[in-house]
file coords.cif (mmCIF, C-alpha atoms and all ligand atoms)
data_data
loop_
_atom_site.label_atom_id
_atom_site.label_comp_id
_atom_site.auth_asym_id
_atom_site.auth_seq_id
_atom_site.Cartn_x
_atom_site.Cartn_y
_atom_site.Cartn_z
CA MET A 1 0.00 0.00 0.00
CA SER A 2 1.07 3.56 -0.42
CA LEU A 3 0.10 7.00 0.79
CA LEU A 4 -1.50 9.30 -1.77
CA ARG A 5 -1.12 13.05 -2.08
CA ILE A 6 -4.15 15.10 -1.03
CA ALA A 7 -5.23 17.99 -3.27
CA GLU A 8 -5.83 21.31 -1.50
CA VAL A 9 -8.42 24.01 -2.16
CA GLY A 10 -7.62 25.94 -5.31
CA HIS A 11 -6.58 22.85 -7.26
CA PRO A 12 -8.99 22.53 -10.21
CA ILE A 13 -9.48 18.78 -9.73
CA LEU A 14 -11.52 19.46 -6.58
CA ARG A 15 -14.06 21.27 -8.80
CA GLN A 16 -14.53 18.41 -11.27
CA VAL A 17 -17.56 16.14 -11.30
CA ALA A 18 -16.31 12.60 -10.69
CA ARG A 19 -17.43 9.82 -13.03
CA PRO A 20 -19.22 6.64 -11.94
CA LEU A 21 -17.35 3.34 -11.96
CA SER A 22 -18.81 0.28 -13.67
CA LEU A 23 -19.00 -3.02 -11.78
CA ASP A 24 -16.36 -4.49 -14.07
CA GLU A 25 -13.99 -1.61 -13.40
CA LEU A 26 -14.55 -1.73 -9.67
CA ARG A 27 -13.50 -5.39 -9.58
CA GLU A 28 -10.22 -4.68 -11.35
CA GLU A 29 -7.09 -5.08 -9.24
CA ARG A 30 -6.18 -1.49 -10.02
CA TRP A 31 -9.27 -0.07 -8.27
CA GLN A 32 -9.14 -2.52 -5.39
CA LYS A 33 -5.56 -1.43 -4.70
CA PHE A 34 -6.62 2.19 -5.06
CA ILE A 35 -9.29 1.71 -2.37
CA ASP A 36 -6.66 0.24 -0.01
CA ASP A 37 -4.46 3.29 -0.63
CA LEU A 38 -7.40 5.67 -0.12
CA VAL A 39 -8.14 4.12 3.29
CA GLU A 40 -4.47 4.15 4.30
CA THR A 41 -4.20 7.82 3.31
CA MET A 42 -7.35 8.69 5.29
CA HIS A 43 -5.98 6.92 8.36
CA ASP A 44 -2.59 8.60 8.04
CA ALA A 45 -4.25 12.04 7.95
CA ASP A 46 -6.70 11.26 10.80
CA GLY A 47 -9.54 12.04 8.38
CA ALA A 48 -13.20 11.19 8.98
CA GLY A 49 -13.60 10.66 5.26
CA LEU A 50 -11.73 10.96 2.00
CA ALA A 51 -13.06 11.08 -1.55
CA ALA A 52 -11.13 9.72 -4.52
CA ILE A 53 -11.19 13.12 -6.18
CA GLN A 54 -9.21 14.51 -3.22
CA VAL A 55 -6.32 12.22 -4.19
CA TYR A 56 -6.50 13.16 -7.87
CA GLU A 57 -8.75 10.28 -9.06
CA PRO A 58 -12.04 11.78 -10.29
CA VAL A 59 -14.21 8.68 -9.79
CA ARG A 60 -17.23 8.26 -7.52
CA ILE A 61 -15.59 6.48 -4.59
CA CYS A 62 -15.19 7.70 -1.05
CA ALA A 63 -14.19 6.24 2.27
CA ILE A 64 -15.68 7.25 5.60
CA GLU A 65 -14.76 6.13 9.08
CA ILE A 66 -15.15 7.76 12.44
CA LYS A 67 -13.15 6.02 15.09
CA PRO A 68 -14.23 6.50 18.71
CA ASN A 69 -11.33 8.86 19.51
CA ASN A 70 -10.56 10.64 16.23
CA PRO A 71 -8.36 13.61 17.28
CA ARG A 72 -9.85 15.83 14.54
CA TYR A 73 -13.46 15.05 15.45
CA PRO A 74 -13.80 13.97 19.09
CA GLU A 75 -17.47 15.07 19.12
CA LYS A 76 -18.57 12.81 16.27
CA VAL A 77 -20.54 9.58 16.54
CA PRO A 78 -18.43 6.57 15.47
CA ILE A 79 -19.02 5.16 11.96
CA PRO A 80 -17.34 1.87 10.97
CA LEU A 81 -15.07 1.95 7.93
CA THR A 82 -17.35 2.20 4.90
CA ILE A 83 -16.45 2.42 1.22
CA LEU A 84 -19.09 4.19 -0.85
CA VAL A 85 -19.04 3.55 -4.59
CA ASN A 86 -21.43 5.56 -6.79
CA PRO A 87 -23.38 6.80 -3.74
CA VAL A 88 -26.73 8.57 -4.09
CA ILE A 89 -28.17 10.65 -1.25
CA THR A 90 -31.91 11.20 -0.87
CA PRO A 91 -33.19 13.65 1.78
CA LEU A 92 -35.96 12.12 3.89
CA SER A 93 -37.27 15.20 5.72
CA ASP A 94 -37.14 18.99 5.78
CA ARG A 95 -35.16 19.04 9.01
CA THR A 96 -31.67 20.51 8.87
CA PHE A 97 -28.65 19.95 11.08
CA ALA A 98 -25.91 22.55 11.59
CA SER A 99 -22.38 21.68 12.64
CA TYR A 100 -18.77 22.72 12.21
CA GLU A 101 -17.13 20.98 9.27
CA GLY A 102 -13.53 20.69 8.22
CA CYS A 103 -11.82 19.01 5.29
CA LEU A 104 -8.41 17.52 4.56
CA SER A 105 -8.42 19.58 1.34
CA VAL A 106 -9.05 22.83 3.25
CA PRO A 107 -6.19 22.94 5.73
CA ASN A 108 -6.75 24.52 9.13
CA LEU A 109 -10.24 25.90 8.56
CA ARG A 110 -13.65 24.99 9.94
CA GLY A 111 -17.05 26.59 9.51
CA ILE A 112 -20.71 25.95 10.22
CA VAL A 113 -22.68 24.19 7.48
CA ASN A 114 -26.39 23.36 7.38
CA ARG A 115 -27.12 19.87 6.07
CA HIS A 116 -30.13 17.63 5.63
CA ALA A 117 -30.74 16.00 9.03
CA ASP A 118 -32.31 12.80 7.69
CA ILE A 119 -31.06 11.03 4.58
CA ARG A 120 -30.98 7.70 2.79
CA VAL A 121 -27.71 6.68 1.15
CA ASP A 122 -27.73 4.09 -1.63
CA PHE A 123 -24.29 2.83 -2.63
CA TRP A 124 -22.18 -0.16 -3.65
CA ASP A 125 -19.53 -1.47 -1.32
CA ARG A 126 -16.01 -2.11 -2.65
CA HIS A 127 -17.11 -5.44 -4.11
CA GLY A 128 -20.12 -3.98 -5.91
CA ALA A 129 -22.78 -5.25 -3.52
CA PRO A 130 -25.65 -2.76 -3.12
CA HIS A 131 -26.42 -1.25 0.29
CA THR A 132 -28.85 1.26 1.74
CA ARG A 133 -28.31 3.18 4.96
CA THR A 134 -30.68 5.60 6.67
CA VAL A 135 -28.79 8.06 8.87
CA SER A 136 -29.52 11.25 10.80
CA GLY A 137 -27.87 14.23 12.45
CA ILE A 138 -24.11 14.39 12.81
CA GLU A 139 -23.72 11.00 11.10
CA ALA A 140 -25.64 12.25 8.05
CA VAL A 141 -23.24 15.21 7.81
CA THR A 142 -20.25 12.99 7.06
CA TYR A 143 -22.01 11.26 4.15
CA GLN A 144 -23.17 14.56 2.64
CA HIS A 145 -19.73 16.17 2.99
CA GLU A 146 -18.01 13.27 1.20
CA CYS A 147 -20.62 12.96 -1.54
CA ASP A 148 -20.32 16.71 -2.21
CA HIS A 149 -16.69 16.11 -3.19
CA LEU A 150 -17.89 13.80 -5.98
CA ASP A 151 -19.78 16.74 -7.49
CA GLY A 152 -16.90 19.20 -7.19
CA LYS A 153 -18.24 20.92 -4.08
CA LEU A 154 -16.41 21.86 -0.89
CA PHE A 155 -17.93 22.60 2.51
CA LEU A 156 -16.75 26.19 2.04
CA ASP A 157 -19.40 26.61 -0.68
CA ARG A 158 -22.10 25.84 1.88
CA VAL A 159 -20.91 28.08 4.71
CA THR A 160 -23.63 30.75 4.63
CA ASP A 161 -22.34 32.70 7.64
CA THR A 162 -18.66 33.32 6.94
CA THR A 163 -18.19 34.78 10.42
CA THR A 164 -18.25 31.16 11.65
CA LEU A 165 -15.00 30.36 9.80
CA THR A 166 -12.24 29.55 12.25
CA THR A 167 -8.85 27.91 12.48
CA TRP A 168 -8.72 24.61 14.34
CA THR A 169 -6.90 26.21 17.25
CA ASN A 170 -9.47 28.96 17.59
CA TYR A 171 -12.26 26.42 17.23
CA ALA A 172 -10.92 24.58 20.26
CA ARG A 173 -10.44 27.80 22.21
CA HIS A 174 -13.64 29.66 21.38
CA HIS A 175 -16.26 27.53 19.66
CA ARG A 176 -16.24 24.01 21.11
NI NI A 201 -13.69 17.02 2.62
#
call {"tool": "encode", "arguments": {"input": "coords.cif", "output": "structure tokens", "more": "lines below"}}
Ligand code: NI
result
Amino acid sequence: MSLLRIAEVGHPILRQVARPLSLDELREERWQKFIDDLVETMHDADGAGLAAIQVYEPVRICAIEIKPNNPRYPEKVPIPLTILVNPVITPLSDRTFASYEGCLSVPNLRGIVNRHADIRVDFWDRHGAPHTRTVSGIEAVTYQHECDHLDGKLFLDRVTDTTTLTTWTNYARHHR
């Protein structure tokens, strides 16, 4: 396995719309190895999620995992390691949920984003098996943040009150 480079805000690849993968492609050794590298890179960076497009592969794959004591997100609810291939999010209610978000592609910045509070996520796992998850609140935020990357969007685009933007140090000091 190998660590991949993470693109940072301003790089045009982060604004591309990623393409879907076919089942045949997904089963190729090349993409299976890529998924291993994506997970290793996410772990190395203490990320809660990482989309393929963030490591310069514009395909619709992302990894999410929230470990119980993630140093970047101690307030988050744990999510087991999940690979989302070609995910589709469907809002299930009009409720919204606001929370501070951050991103490995936006170094040292957090801001408050409003997300759908209740969603369904339809996706394939890394072997192409279909899954559906229904999630709410802070857990739903992680899925929406990662799936945004697949459409060339960053959390910054959704920060409506820019006075909430803060460095990580100032978040810990003033906003926790
Ligand atoms: Ni991100």
call {"tool": "residues_near_point", "arguments": {"input": "coords.cif", "point": "(-19.6, 12.8, 12.2)", "cutoff": "10 Å", "atoms": "only C-alpha atoms", "output": "list in words"}}
result
Ala48, Gly49, Ile64, Glu65, Ile66, Lys67, Tyr73, Pro74, Glu75, Lys76, Val77, Pro78, Ile79, Ser99, Tyr100, Glu101, Gly137, Ile138, Glu139, Ala140, Val141, Thr142, Tyr143 and His145 of chain A
call {"tool": "closest_atom_pairs", "arguments": {"input": "coords.cif", "of": "chain A", "to": "ligand NI 201 (chain A)", "cutoff": "10 Å", "atoms": "all atoms listed in the file", "output": "JSON lines"}}
result
{"residue": "A:Glu8", "atom": "CA", "partner": "A:NI201", "partner_atom": "NI", "distance": 9.9}
{"residue": "A:Val9", "atom": "CA", "partner": "A:NI201", "partner_atom": "NI", "distance": 10.0}
{"residue": "A:Leu14", "atom": "CA", "partner": "A:NI201", "partner_atom": "NI", "distance": 9.8}
{"residue": "A:Gly47", "atom": "CA", "partner": "A:NI201", "partner_atom": "NI", "distance": 8.7}
{"residue": "A:Ala48", "atom": "CA", "partner": "A:NI201", "partner_atom": "NI", "distance": 8.6}
{"residue": "A:Gly49", "atom": "CA", "partner": "A:NI201", "partner_atom": "NI", "distance": 6.9}
{"residue": "A:Leu50", "atom": "CA", "partner": "A:NI201", "partner_atom": "NI", "distance": 6.4}
{"residue": "A:Ala51", "atom": "CA", "partner": "A:NI201", "partner_atom": "NI", "distance": 7.3}
{"residue": "A:Ile53", "atom": "CA", "partner": "A:NI201", "partner_atom": "NI", "distance": 9.9}
{"residue": "A:Gln54", "atom": "CA", "partner": "A:NI201", "partner_atom": "NI", "distance": 7.8}
{"residue": "A:Glu101", "atom": "CA", "partner": "A:NI201", "partner_atom": "NI", "distance": 8.5}
{"residue": "A:Gly102", "atom": "CA", "partner": "A:NI201", "partner_atom": "NI", "distance": 6.7}
{"residue": "A:Cys103", "atom": "CA", "partner": "A:NI201", "partner_atom": "NI", "distance": 3.8}
{"residue": "A:Leu104", "atom": "CA", "partner": "A:NI201", "partner_atom": "NI", "distance": 5.6}
{"residue": "A:Ser105", "atom": "CA", "partner": "A:NI201", "partner_atom": "NI", "distance": 6.0}
{"residue": "A:Val106", "atom": "CA", "partner": "A:NI201", "partner_atom": "NI", "distance": 7.5}
{"residue": "A:Thr142", "atom": "CA", "partner": "A:NI201", "partner_atom": "NI", "distance": 8.9}
{"residue": "A:Gln144", "atom": "CA", "partner": "A:NI201", "partner_atom": "NI", "distance": 9.8}
{"residue": "A:His145", "atom": "CA", "partner": "A:NI201", "partner_atom": "NI", "distance": 6.1}
{"residue": "A:Glu146", "atom": "CA", "partner": "A:NI201", "partner_atom": "NI", "distance": 5.9}
{"residue": "A:Cys147", "atom": "CA", "partner": "A:NI201", "partner_atom": "NI", "distance": 9.0}
{"residue": "A:Asp148", "atom": "CA", "partner": "A:NI201", "partner_atom": "NI", "distance": 8.2}
{"residue": "A:His149", "atom": "CA", "partner": "A:NI201", "partner_atom": "NI", "distance": 6.6}
{"residue": "A:Lys153", "atom": "CA", "partner": "A:NI201", "partner_atom": "NI", "distance": 9.0}
{"residue": "A:Leu154", "atom": "CA", "partner": "A:NI201", "partner_atom": "NI", "distance": 6.6}
{"residue": "A:Phe155", "atom": "CA", "partner": "A:NI201", "partner_atom": "NI", "distance": 7.0}
{"residue": "A:Leu156", "atom": "CA", "partner": "A:NI201", "partner_atom": "NI", "distance": 9.7}
call {"tool": "closest_atom_pairs", "arguments": {"input": "coords.cif", "of": "region 103-153 of chain A", "to": "region 157-175 of chain A", "cutoff": "8 Å", "atoms": "only C-alpha atoms", "output": "tab-separated table"}}
result
residue	atom	partner	partner_atom	distance
A:Asn108	CA	A:Thr167	CA	5.2
A:Leu109	CA	A:Thr167	CA	4.6
A:Arg110	CA	A:Thr166	CA	5.3
A:Gly111	CA	A:Leu165	CA	4.3
A:Ile112	CA	A:Val159	CA	5.9
A:Val113	CA	A:Val159	CA	5.1
A:Asn114	CA	A:Arg158	CA	7.4
A:Lys153	CA	A:Asp157	CA	6.7
call {"tool": "write_last_selection", "arguments": {"input": "coords.cif", "atoms": "C-alpha atoms", "output": "mmCIF file, keeping the file's coordinate frame"}}
result
data_model
loop_
_atom_site.group_PDB
_atom_site.id
_atom_site.type_symbol
_atom_site.label_atom_id
_atom_site.label_comp_id
_atom_site.auth_asym_id
_atom_site.auth_seq_id
_atom_site.Cartn_x
_atom_site.Cartn_y
_atom_site.Cartn_z
ATOM 1 C CA ASN A 108 -6.750 24.520 9.130
ATOM 2 C CA LEU A 109 -10.240 25.900 8.560
ATOM 3 C CA ARG A 110 -13.650 24.990 9.940
ATOM 4 C CA GLY A 111 -17.050 26.590 9.510
ATOM 5 C CA ILE A 112 -20.710 25.950 10.220
ATOM 6 C CA VAL A 113 -22.680 24.190 7.480
ATOM 7 C CA ASN A 114 -26.390 23.360 7.380
ATOM 8 C CA LYS A 153 -18.240 20.920 -4.080
#
call {"tool": "residues_around", "arguments": {"input": "coords.cif", "residues": "Thr90 (chain A)", "least_positions_apart": "4", "cutoff": "7 Å", "atoms": "all atoms listed in the file", "output": "number ranges by chain"}}
result
A: 119-121
call {"tool": "atom_distance", "arguments": {"input": "coords.cif", "atom1": "CA of Thr82 (chain A)", "atom2": "CA of Gly152 (chain A)"}}
result
20.9 Å
call {"tool": "atom_distance", "arguments": {"input": "coords.cif", "atom1": "CA of Arg95 (chain A)", "atom2": "CA of Arg133 (chain A)"}}
result
17.7 Å
call {"tool": "closest_residue", "arguments": {"input": "coords.cif", "among": "A:Ala7, A:Val135, A:Ala129, A:Val88", "to": "Val55 (chain A)", "atoms": "all atoms listed in the file"}}
result
A:Ala7
call {"tool": "decode", "arguments": {"input": "coords.cif", "residues": "region 77-99 of chain A", "atoms": "N, CA, C and O atoms", "output": "CSV table (one decimal), in the first residue's frame"}}
result
chain,number,residue,atom,x,y,z
A,77,VAL,N,-20.1,10.9,16.2
A,77,VAL,CA,-20.5,9.6,16.5
A,77,VAL,C,-19.7,8.6,15.7
A,77,VAL,O,-19.6,8.8,14.5
A,78,PRO,N,-19.2,7.5,16.3
A,78,PRO,CA,-18.4,6.6,15.5
A,78,PRO,C,-19.2,6.0,14.3
A,78,PRO,O,-20.4,5.7,14.4
A,79,ILE,N,-18.5,5.8,13.2
A,79,ILE,CA,-19.0,5.2,12.0
A,79,ILE,C,-18.0,4.1,11.6
A,79,ILE,O,-16.8,4.5,11.4
A,80,PRO,N,-18.3,2.9,11.4
A,80,PRO,CA,-17.3,1.9,11.0
A,80,PRO,C,-16.8,2.2,9.6
A,80,PRO,O,-17.5,2.9,8.8
A,81,LEU,N,-15.6,1.7,9.2
A,81,LEU,CA,-15.1,2.0,7.9
A,81,LEU,C,-16.1,1.5,6.8
A,81,LEU,O,-16.5,0.4,6.8
A,82,THR,N,-16.4,2.5,6.0
A,82,THR,CA,-17.3,2.2,4.9
A,82,THR,C,-16.8,2.8,3.6
A,82,THR,O,-16.3,3.9,3.6
A,83,ILE,N,-16.8,1.9,2.6
A,83,ILE,CA,-16.4,2.4,1.2
A,83,ILE,C,-17.7,2.6,0.4
A,83,ILE,O,-18.6,1.7,0.4
A,84,LEU,N,-17.9,3.8,-0.1
A,84,LEU,CA,-19.1,4.2,-0.8
A,84,LEU,C,-18.7,4.3,-2.3
A,84,LEU,O,-17.8,5.1,-2.7
A,85,VAL,N,-19.3,3.5,-3.2
A,85,VAL,CA,-19.0,3.5,-4.6
A,85,VAL,C,-20.3,4.0,-5.2
A,85,VAL,O,-21.4,3.4,-5.0
A,86,ASN,N,-20.3,5.0,-6.1
A,86,ASN,CA,-21.4,5.6,-6.8
A,86,ASN,C,-22.6,5.9,-5.8
A,86,ASN,O,-23.7,5.5,-6.1
A,87,PRO,N,-22.3,6.6,-4.7
A,87,PRO,CA,-23.4,6.8,-3.7
A,87,PRO,C,-24.4,7.8,-4.2
A,87,PRO,O,-24.1,8.7,-5.0
A,88,VAL,N,-25.6,7.6,-3.8
A,88,VAL,CA,-26.7,8.6,-4.1
A,88,VAL,C,-27.4,8.9,-2.8
A,88,VAL,O,-27.8,8.0,-2.0
A,89,ILE,N,-27.5,10.2,-2.5
A,89,ILE,CA,-28.2,10.6,-1.3
A,89,ILE,C,-29.6,11.2,-1.6
A,89,ILE,O,-29.8,12.0,-2.5
A,90,THR,N,-30.5,10.7,-0.7
A,90,THR,CA,-31.9,11.2,-0.9
A,90,THR,C,-32.3,11.8,0.5
A,90,THR,O,-32.3,11.1,1.5
A,91,PRO,N,-32.7,13.1,0.5
A,91,PRO,CA,-33.2,13.7,1.8
A,91,PRO,C,-34.5,13.0,2.1
A,91,PRO,O,-35.4,12.7,1.3
A,92,LEU,N,-34.7,12.8,3.4
A,92,LEU,CA,-36.0,12.1,3.9
A,92,LEU,C,-36.9,13.0,4.7
A,92,LEU,O,-38.0,12.6,5.1
A,93,SER,N,-36.4,14.3,5.0
A,93,SER,CA,-37.3,15.2,5.7
A,93,SER,C,-36.8,16.6,5.4
A,93,SER,O,-35.8,16.8,4.7
A,94,ASP,N,-37.5,17.6,6.0
A,94,ASP,CA,-37.1,19.0,5.8
A,94,ASP,C,-36.3,19.5,6.9
A,94,ASP,O,-35.9,20.6,6.9
A,95,ARG,N,-36.0,18.6,7.9
A,95,ARG,CA,-35.2,19.0,9.0
A,95,ARG,C,-33.7,19.3,8.5
A,95,ARG,O,-33.2,18.6,7.6
A,96,THR,N,-33.1,20.3,9.2
A,96,THR,CA,-31.7,20.5,8.9
A,96,THR,C,-30.9,20.4,10.2
A,96,THR,O,-31.4,20.4,11.3
A,97,PHE,N,-29.6,20.2,10.0
A,97,PHE,CA,-28.7,20.0,11.1
A,97,PHE,C,-27.4,20.8,10.8
A,97,PHE,O,-26.8,20.7,9.8
A,98,ALA,N,-27.1,21.7,11.8
A,98,ALA,CA,-25.9,22.6,11.6
A,98,ALA,C,-24.8,22.1,12.4
A,98,ALA,O,-24.9,21.7,13.6
A,99,SER,N,-23.6,22.0,11.9
A,99,SER,CA,-22.4,21.7,12.6
A,99,SER,C,-21.1,22.2,12.0
A,99,SER,O,-21.1,22.6,10.8
